[in-house]
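Enquirer: This structure is in structure tokens; I'll ask about it shortly.
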Amino acid sequence: MIRVSLEQWRMFRAVVEYGGFNQASQHIYKSQSSIHNAVSKIEVSLGVKLFYVEGRKTHLTQDGKLMLRRANYLLDEAEKIETVGQSLGKGVESQLNIAIDEVFPQKVLYQTLETVSVDFPFLQIELIETVLSGSTELFDQLEVDIAVSAFPVKEGVIEPLCDVDFVAVASASHPLHKISGVLELEDLKGHRQIVIRDSSIKARRDSGWLGADQRWTVSHLKTSIDMISNGLGYAWLPVSSIQTELDSGQLKALNLITQSGKRARLFLAYKDRDSLGPAAQKFLTELRANVESFYKRE
């Protein structure tokens with residue numbers, strides 16, 4: 001059985017926060033006797049001494065310091081529970097599930113998530129990073145509320161979001177850069193291509209030149225970038241994901257006669273807007289605005 005109420009813990013914390021019983025009574029609009037009584041009940045109920053008086057000042061005992069830390073946690077959690085309850089009462093969802101293709105510019109995604117979290121601090125966000133048709137599959141299976149994918153969904157609202165530029169690259173020391181003149185696709189066949197596996201379970205797709213005699217298939221974009229940077233092959237990679245490596249010269253674009261660069265369109269998919277909660281709608285609004293701003297600076 002709980003022996004001490006939240007209100008009693010609140011008055012205990014007020015004494016510490018404002019430096020005494022009299023000062024606390026002036027700030028929390030409780031009589032000094034009420035606060036004294038609340039603190040005394042805590043001490044009697046738990047068998048601890050919370051304060052000692054030295055001169056005109058009230059000080060915490062060692063036990064009091066320990067109890068204050070726990071009381072702070074308790075009161076803070078109680079406030080969070082109330083905030084969550086109020087949000088739910090207003091129709092704010094408690095969780096938002098999002099699937100994002102890994103080629104989508106991360107800077108835009110992070111900025112969007114941060115803004116949404118400021119407005120909805122108790123929203124639980126589950127972000128699933130996918131490749132090729134993975135986002136579409138998750139959306140079609142109703143496992144996510146919002147998806148960013150290169151492929152259409154079966155049901156729901158879909159709109160063009162952005163175009164992602166890809167470039168064929170290898171490390172600066174790769175043998176392909178030592179071939180004089182422009183490269184034919186035939187020149188690539190004798191070198192290892194790094195390909196990212198479609199994260200979809202049911203509808204596996206391939207993307208990009210796949211005619212290499214040697215091919216390594218990986219599951220994540222970052223793994224592909226690391227392999228290419230370490231001279232283990234070549235690949236078509238999104239420019240926004242390797243801009244730092246391109247600027248530093250660690251990666252260089254291949255001098256291909258055709259298809260040295262290509263562009264893929266990403267689409268934004270979501271349920272009927274009227275069925276989305278305010279947090280999801282905020283995410284959509286911020287994502288569109290941040291995408292527009294990002295590509296204006298490009």
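In the structure tokens, the first chain shown is A, the next is B, and so on; residue numbers restart at 1 for each chain, and ligands run from 1 in the order shown.
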Could you list, as a PyMOL selection string, every residue within 12 Å of Ser293 of chain A, counting only C-alpha atoms and ignoring same-chain residues fewer than 6 positions away?

Expert: chain A and resi 107-108+111-112+162+286-287

Enquirer: Do a neighbour search on Asn72 of chain A at 12 Å with only C-alpha atoms, toss out local chain neighbours closer than 6 positions, and write the hits as a list in words.

Expert: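 That gives Leu6, Trp9, Arg10, Met11, Phe12, Arg13, Ala14, Val16, Glu17, Gly64, Lys65, Leu66, Ala78 and Glu79 of chain A.
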
Enquirer: Can I get the selection written as an mmCIF file, in the first residue's frame, with N, CA and C atoms?

Expert:
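Dumped everything to result30.cif:
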```cif
data_model
loop_
_atom_site.group_PDB
_atom_site.id
_atom_site.type_symbol
_atom_site.label_atom_id
_atom_site.label_comp_id
_atom_site.auth_asym_id
_atom_site.auth_seq_id
_atom_site.Cartn_x
_atom_site.Cartn_y
_atom_site.Cartn_z
ATOM 1 N N LEU A 6 1.273 11.830 -3.846
ATOM 2 C CA LEU A 6 2.051 12.701 -4.731
ATOM 3 C C LEU A 6 2.076 14.134 -4.217
ATOM 4 N N TRP A 9 4.717 14.485 -1.592
ATOM 5 C CA TRP A 9 6.052 14.549 -2.202
ATOM 6 C C TRP A 9 6.263 15.905 -2.870
ATOM 7 N N ARG A 10 5.212 16.451 -3.436
ATOM 8 C CA ARG A 10 5.344 17.765 -4.089
ATOM 9 C C ARG A 10 5.681 18.843 -3.064
ATOM 10 N N MET A 11 5.059 18.774 -1.900
ATOM 11 C CA MET A 11 5.353 19.773 -0.864
ATOM 12 C C MET A 11 6.763 19.580 -0.304
ATOM 13 N N PHE A 12 7.193 18.338 -0.175
ATOM 14 C CA PHE A 12 8.567 18.059 0.248
ATOM 15 C C PHE A 12 9.561 18.679 -0.730
ATOM 16 N N ARG A 13 9.324 18.480 -2.022
ATOM 17 C CA ARG A 13 10.231 19.041 -3.021
ATOM 18 C C ARG A 13 10.202 20.564 -3.005
ATOM 19 N N ALA A 14 9.053 21.153 -2.750
ATOM 20 C CA ALA A 14 8.946 22.610 -2.708
ATOM 21 C C ALA A 14 9.792 23.201 -1.588
ATOM 22 N N VAL A 16 12.579 22.056 -0.476
ATOM 23 C CA VAL A 16 13.968 22.041 -0.957
ATOM 24 C C VAL A 16 14.171 23.095 -2.029
ATOM 25 N N GLU A 17 13.241 23.162 -2.966
ATOM 26 C CA GLU A 17 13.384 24.055 -4.104
ATOM 27 C C GLU A 17 13.418 25.524 -3.697
ATOM 28 N N GLY A 64 17.453 12.435 3.216
ATOM 29 C CA GLY A 64 16.596 13.371 2.504
ATOM 30 C C GLY A 64 17.068 13.590 1.070
ATOM 31 N N LYS A 65 18.386 13.629 0.869
ATOM 32 C CA LYS A 65 18.936 13.817 -0.486
ATOM 33 C C LYS A 65 18.570 12.632 -1.381
ATOM 34 N N LEU A 66 18.678 11.435 -0.795
ATOM 35 C CA LEU A 66 18.314 10.243 -1.562
ATOM 36 C C LEU A 66 16.829 10.250 -1.905
ATOM 37 N N ALA A 78 4.924 11.442 -13.122
ATOM 38 C CA ALA A 78 3.498 11.715 -12.972
ATOM 39 C C ALA A 78 3.056 12.817 -13.949
ATOM 40 N N GLU A 79 3.903 13.831 -14.112
ATOM 41 C CA GLU A 79 3.591 14.900 -15.052
ATOM 42 C C GLU A 79 3.556 14.375 -16.485
#
```

Enquirer: Got a sec to tell me which of segment 95-136 of chain A DSSP assigns to alpha helix (DSSP H), as a list in words?

Expert: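 The residues of segment 95-136 of chain A classed as alpha helix (DSSP H) are Gln106, Lys107, Val108, Leu109, Tyr110, Gln111, Thr112, Leu113, Glu114, Thr115, Val116, Ser117, Val118, Asp119, Gly134, Ser135 and Thr136 of chain A.
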
Enquirer: Quote the spacing between atom CA of Thr130 of chain A and atom CA of Phe166 of chain A in Å to one decimal place.

Expert: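 Atom CA of Thr130 of chain A sits 17.0 Å away from atom CA of Phe166 of chain A.
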
Enquirer: Let me make sure I understand: among A:Gln23, A:Ser45, A:Gln193, A:Thr115, which one has the smallest atom-to-atom distance to Val169 of chain A if we use only C-alpha atoms?

Expert: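 The shortest atom-to-atom distance to Val169 of chain A comes from A:Gln193.
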
Enquirer: Rounded to one decimal, what separation in Å do you get between atom CA of Leu96 of chain A and atom CA of Arg288 of chain A?

Expert: 17.2 Å

Enquirer: Excluding same-chain residues fewer than 4 positions from Leu266 of chain A, what lies within 12 Å of it counting only C-alpha atoms, as a PDB file with N, CA, C and O atoms, in the first residue's frame?

Expert:
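File written: around-v2.pdb
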```pdb
ATOM      1  N   ILE A 100      11.329   4.304 -44.617  1.00  0.00           N
ATOM      2  CA  ILE A 100      12.049   5.253 -45.469  1.00  0.00           C
ATOM      3  C   ILE A 100      13.105   4.515 -46.282  1.00  0.00           C
ATOM      4  O   ILE A 100      13.915   3.765 -45.733  1.00  0.00           O
ATOM      5  N   ASP A 101      13.104   4.726 -47.590  1.00  0.00           N
ATOM      6  CA  ASP A 101      14.163   4.156 -48.419  1.00  0.00           C
ATOM      7  C   ASP A 101      15.506   4.777 -48.012  1.00  0.00           C
ATOM      8  O   ASP A 101      15.599   5.989 -47.789  1.00  0.00           O
ATOM      9  N   GLU A 102      16.528   3.943 -47.934  1.00  0.00           N
ATOM     10  CA  GLU A 102      17.838   4.406 -47.463  1.00  0.00           C
ATOM     11  C   GLU A 102      18.452   5.483 -48.346  1.00  0.00           C
ATOM     12  O   GLU A 102      19.335   6.219 -47.892  1.00  0.00           O
ATOM     13  N   VAL A 103      18.020   5.602 -49.581  1.00  0.00           N
ATOM     14  CA  VAL A 103      18.616   6.607 -50.466  1.00  0.00           C
ATOM     15  C   VAL A 103      18.035   7.995 -50.222  1.00  0.00           C
ATOM     16  O   VAL A 103      18.551   8.987 -50.759  1.00  0.00           O
ATOM     17  N   PHE A 104      16.978   8.101 -49.446  1.00  0.00           N
ATOM     18  CA  PHE A 104      16.406   9.410 -49.137  1.00  0.00           C
ATOM     19  C   PHE A 104      17.426  10.218 -48.329  1.00  0.00           C
ATOM     20  O   PHE A 104      18.071   9.671 -47.420  1.00  0.00           O
ATOM     21  N   PRO A 105      17.601  11.513 -48.624  1.00  0.00           N
ATOM     22  CA  PRO A 105      18.616  12.320 -47.924  1.00  0.00           C
ATOM     23  C   PRO A 105      18.424  12.305 -46.404  1.00  0.00           C
ATOM     24  O   PRO A 105      17.389  12.738 -45.896  1.00  0.00           O
ATOM     25  N   VAL A 131      15.263  -0.818 -48.541  1.00  0.00           N
ATOM     26  CA  VAL A 131      15.929  -0.727 -49.842  1.00  0.00           C
ATOM     27  C   VAL A 131      14.928  -1.125 -50.923  1.00  0.00           C
ATOM     28  O   VAL A 131      14.174  -2.095 -50.755  1.00  0.00           O
ATOM     29  N   LEU A 132      14.924  -0.343 -52.019  1.00  0.00           N
ATOM     30  CA  LEU A 132      14.059  -0.604 -53.166  1.00  0.00           C
ATOM     31  C   LEU A 132      12.589  -0.747 -52.773  1.00  0.00           C
ATOM     32  O   LEU A 132      12.004   0.200 -52.291  1.00  0.00           O
ATOM     33  N   SER A 133      11.972  -1.918 -52.914  1.00  0.00           N
ATOM     34  CA  SER A 133      10.526  -2.040 -52.684  1.00  0.00           C
ATOM     35  C   SER A 133      10.163  -2.382 -51.246  1.00  0.00           C
ATOM     36  O   SER A 133       9.002  -2.670 -50.950  1.00  0.00           O
ATOM     37  N   SER A 135       9.894  -0.469 -48.518  1.00  0.00           N
ATOM     38  CA  SER A 135       8.919   0.458 -47.926  1.00  0.00           C
ATOM     39  C   SER A 135       7.522   0.202 -48.453  1.00  0.00           C
ATOM     40  O   SER A 135       6.533   0.247 -47.713  1.00  0.00           O
ATOM     41  N   THR A 136       7.426  -0.062 -49.744  1.00  0.00           N
ATOM     42  CA  THR A 136       6.128  -0.347 -50.354  1.00  0.00           C
ATOM     43  C   THR A 136       5.486  -1.578 -49.732  1.00  0.00           C
ATOM     44  O   THR A 136       4.290  -1.586 -49.416  1.00  0.00           O
ATOM     45  N   ALA A 147       5.198   5.929 -45.772  1.00  0.00           N
ATOM     46  CA  ALA A 147       6.321   5.296 -46.465  1.00  0.00           C
ATOM     47  C   ALA A 147       6.904   6.245 -47.496  1.00  0.00           C
ATOM     48  O   ALA A 147       6.177   7.020 -48.132  1.00  0.00           O
ATOM     49  N   VAL A 148       8.221   6.181 -47.651  1.00  0.00           N
ATOM     50  CA  VAL A 148       8.914   6.865 -48.745  1.00  0.00           C
ATOM     51  C   VAL A 148       9.572   5.767 -49.570  1.00  0.00           C
ATOM     52  O   VAL A 148      10.439   5.043 -49.069  1.00  0.00           O
ATOM     53  N   SER A 149       9.142   5.628 -50.828  1.00  0.00           N
ATOM     54  CA  SER A 149       9.572   4.496 -51.639  1.00  0.00           C
ATOM     55  C   SER A 149       9.667   4.889 -53.103  1.00  0.00           C
ATOM     56  O   SER A 149       9.051   5.859 -53.546  1.00  0.00           O
ATOM     57  N   ALA A 150      10.434   4.100 -53.849  1.00  0.00           N
ATOM     58  CA  ALA A 150      10.558   4.325 -55.287  1.00  0.00           C
ATOM     59  C   ALA A 150       9.472   3.603 -56.074  1.00  0.00           C
ATOM     60  O   ALA A 150       9.397   3.747 -57.297  1.00  0.00           O
ATOM     61  N   PHE A 151       8.624   2.845 -55.385  1.00  0.00           N
ATOM     62  CA  PHE A 151       7.616   2.033 -56.069  1.00  0.00           C
ATOM     63  C   PHE A 151       6.222   2.349 -55.531  1.00  0.00           C
ATOM     64  O   PHE A 151       6.055   2.682 -54.355  1.00  0.00           O
ATOM     65  N   PRO A 152       5.204   2.226 -56.363  1.00  0.00           N
ATOM     66  CA  PRO A 152       3.840   2.581 -55.952  1.00  0.00           C
ATOM     67  C   PRO A 152       3.264   1.611 -54.930  1.00  0.00           C
ATOM     68  O   PRO A 152       3.665   0.450 -54.859  1.00  0.00           O
ATOM     69  N   VAL A 153       2.322   2.101 -54.151  1.00  0.00           N
ATOM     70  CA  VAL A 153       1.623   1.274 -53.171  1.00  0.00           C
ATOM     71  C   VAL A 153       0.274   0.872 -53.752  1.00  0.00           C
ATOM     72  O   VAL A 153      -0.233   1.476 -54.692  1.00  0.00           O
ATOM     73  N   ILE A 158      -0.636   8.592 -52.689  1.00  0.00           N
ATOM     74  CA  ILE A 158       0.765   8.606 -53.090  1.00  0.00           C
ATOM     75  C   ILE A 158       1.040   9.881 -53.866  1.00  0.00           C
ATOM     76  O   ILE A 158       0.224  10.299 -54.695  1.00  0.00           O
ATOM     77  N   GLU A 159       2.160  10.510 -53.586  1.00  0.00           N
ATOM     78  CA  GLU A 159       2.514  11.750 -54.266  1.00  0.00           C
ATOM     79  C   GLU A 159       4.020  11.785 -54.505  1.00  0.00           C
ATOM     80  O   GLU A 159       4.803  11.238 -53.718  1.00  0.00           O
ATOM     81  N   PRO A 160       4.461  12.399 -55.621  1.00  0.00           N
ATOM     82  CA  PRO A 160       5.900  12.528 -55.865  1.00  0.00           C
ATOM     83  C   PRO A 160       6.545  13.356 -54.747  1.00  0.00           C
ATOM     84  O   PRO A 160       5.993  14.376 -54.334  1.00  0.00           O
ATOM     85  N   LEU A 161       7.685  12.913 -54.274  1.00  0.00           N
ATOM     86  CA  LEU A 161       8.348  13.625 -53.182  1.00  0.00           C
ATOM     87  C   LEU A 161       9.632  14.296 -53.644  1.00  0.00           C
ATOM     88  O   LEU A 161       9.828  15.492 -53.428  1.00  0.00           O
ATOM     89  N   CYS A 162      10.524  13.534 -54.278  1.00  0.00           N
ATOM     90  CA  CYS A 162      11.787  14.108 -54.713  1.00  0.00           C
ATOM     91  C   CYS A 162      12.468  13.165 -55.696  1.00  0.00           C
ATOM     92  O   CYS A 162      12.103  11.993 -55.818  1.00  0.00           O
ATOM     93  N   ASP A 163      13.470  13.674 -56.393  1.00  0.00           N
ATOM     94  CA  ASP A 163      14.309  12.867 -57.267  1.00  0.00           C
ATOM     95  C   ASP A 163      15.685  12.724 -56.621  1.00  0.00           C
ATOM     96  O   ASP A 163      16.251  13.708 -56.131  1.00  0.00           O
ATOM     97  N   VAL A 164      16.212  11.516 -56.630  1.00  0.00           N
ATOM     98  CA  VAL A 164      17.520  11.247 -56.047  1.00  0.00           C
ATOM     99  C   VAL A 164      18.497  10.940 -57.172  1.00  0.00           C
ATOM    100  O   VAL A 164      18.251  10.052 -58.006  1.00  0.00           O
ATOM    101  N   ASP A 165      19.588  11.678 -57.225  1.00  0.00           N
ATOM    102  CA  ASP A 165      20.618  11.475 -58.242  1.00  0.00           C
ATOM    103  C   ASP A 165      21.617  10.418 -57.790  1.00  0.00           C
ATOM    104  O   ASP A 165      22.090  10.437 -56.649  1.00  0.00           O
ATOM    105  N   VAL A 291      12.143  18.928 -47.739  1.00  0.00           N
ATOM    106  CA  VAL A 291      12.576  18.452 -49.054  1.00  0.00           C
ATOM    107  C   VAL A 291      12.703  19.626 -50.018  1.00  0.00           C
ATOM    108  O   VAL A 291      13.700  19.764 -50.741  1.00  0.00           O
TER     109      VAL A 291
END
```

Enquirer: Report the distance between atom CA of Thr217 of chain A and atom CA of His177 of chain A in Å, rounded to one decimal place.

Expert: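 Between these atoms lies a distance of 22.5 Å.
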
Enquirer: Determine the nearest neighbour of Leu251 of chain A from the options A:Arg70, A:His36, A:His174, A:Lys41, counting only C-alpha atoms.

Expert: A:His174

Enquirer: Using only C-alpha atoms, pick whichever of A:Ile225, A:Leu138, A:Leu254, A:Val218 has the shortest atom-to-atom distance to Lys178 of chain A.

Expert: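 For Lys178 of chain A, the nearest of the candidates is A:Leu254.
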
Enquirer: Measuring between only C-alpha atoms, which one of A:Arg265, A:Arg56, A:Arg192, A:Arg215 shows the shortest distance to Gly20 of chain A?

Expert: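 The shortest atom-to-atom distance to Gly20 of chain A comes from A:Arg56.
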
Enquirer: So which bits of segment 112-222 of chain A end up strand (DSSP E) when you DSSP the backbone, as an MDAnalysis selection string?

Expert: chainID A and resid 124:130 146:149 157:171 192:196 214:218

Enquirer: Need the shell around Val167 of chain A: protein/DNA/RNA residues with any atom at most 7 Å away, counting only C-alpha atoms. Skip same-chain ones fewer than 6 positions apart. Format as a VMD selection string?

Expert: chain A and resid 236 to 239 253 260 to 262

Enquirer: Of the candidates A:Gln32, A:Gln62, A:Asn255, A:Gln8, which shows the shortest atom-to-atom distance to Ala170 of chain A, using only C-alpha atoms?

Expert: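 Of all the options, A:Asn255 lies closest to Ala170 of chain A.
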
Enquirer: Thr58 of chain A: which residues within 7 Å, counting only C-alpha atoms, same-chain residues fewer than 5 positions away excluded, as a list of chain:residue names?

Expert: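 Residues near the query, excluding close chain neighbours: A:Gly19, A:Gly20, A:Phe51, A:Tyr52, A:Val53.
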
Enquirer: Print the selection's residues with C-alpha atoms to a file, as a PDB file, in the first residue's frame.

Expert:
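Saved to part_39.pdb:
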```pdb
ATOM      1  CA  GLY A  19      14.819  26.979   0.627  1.00  0.00           C
ATOM      2  CA  GLY A  20      12.430  26.493   3.541  1.00  0.00           C
ATOM      3  CA  PHE A  51      15.522  17.773   7.165  1.00  0.00           C
ATOM      4  CA  TYR A  52      17.582  19.296   9.939  1.00  0.00           C
ATOM      5  CA  VAL A  53      17.629  22.951  10.920  1.00  0.00           C
TER       6      VAL A  53
END
```

Enquirer: Would you please work out which residue, of A:Ile98, A:Val39, A:Leu268, A:Leu185, is nearest to Glu129 of chain A when using only C-alpha atoms?

Expert: A:Ile98
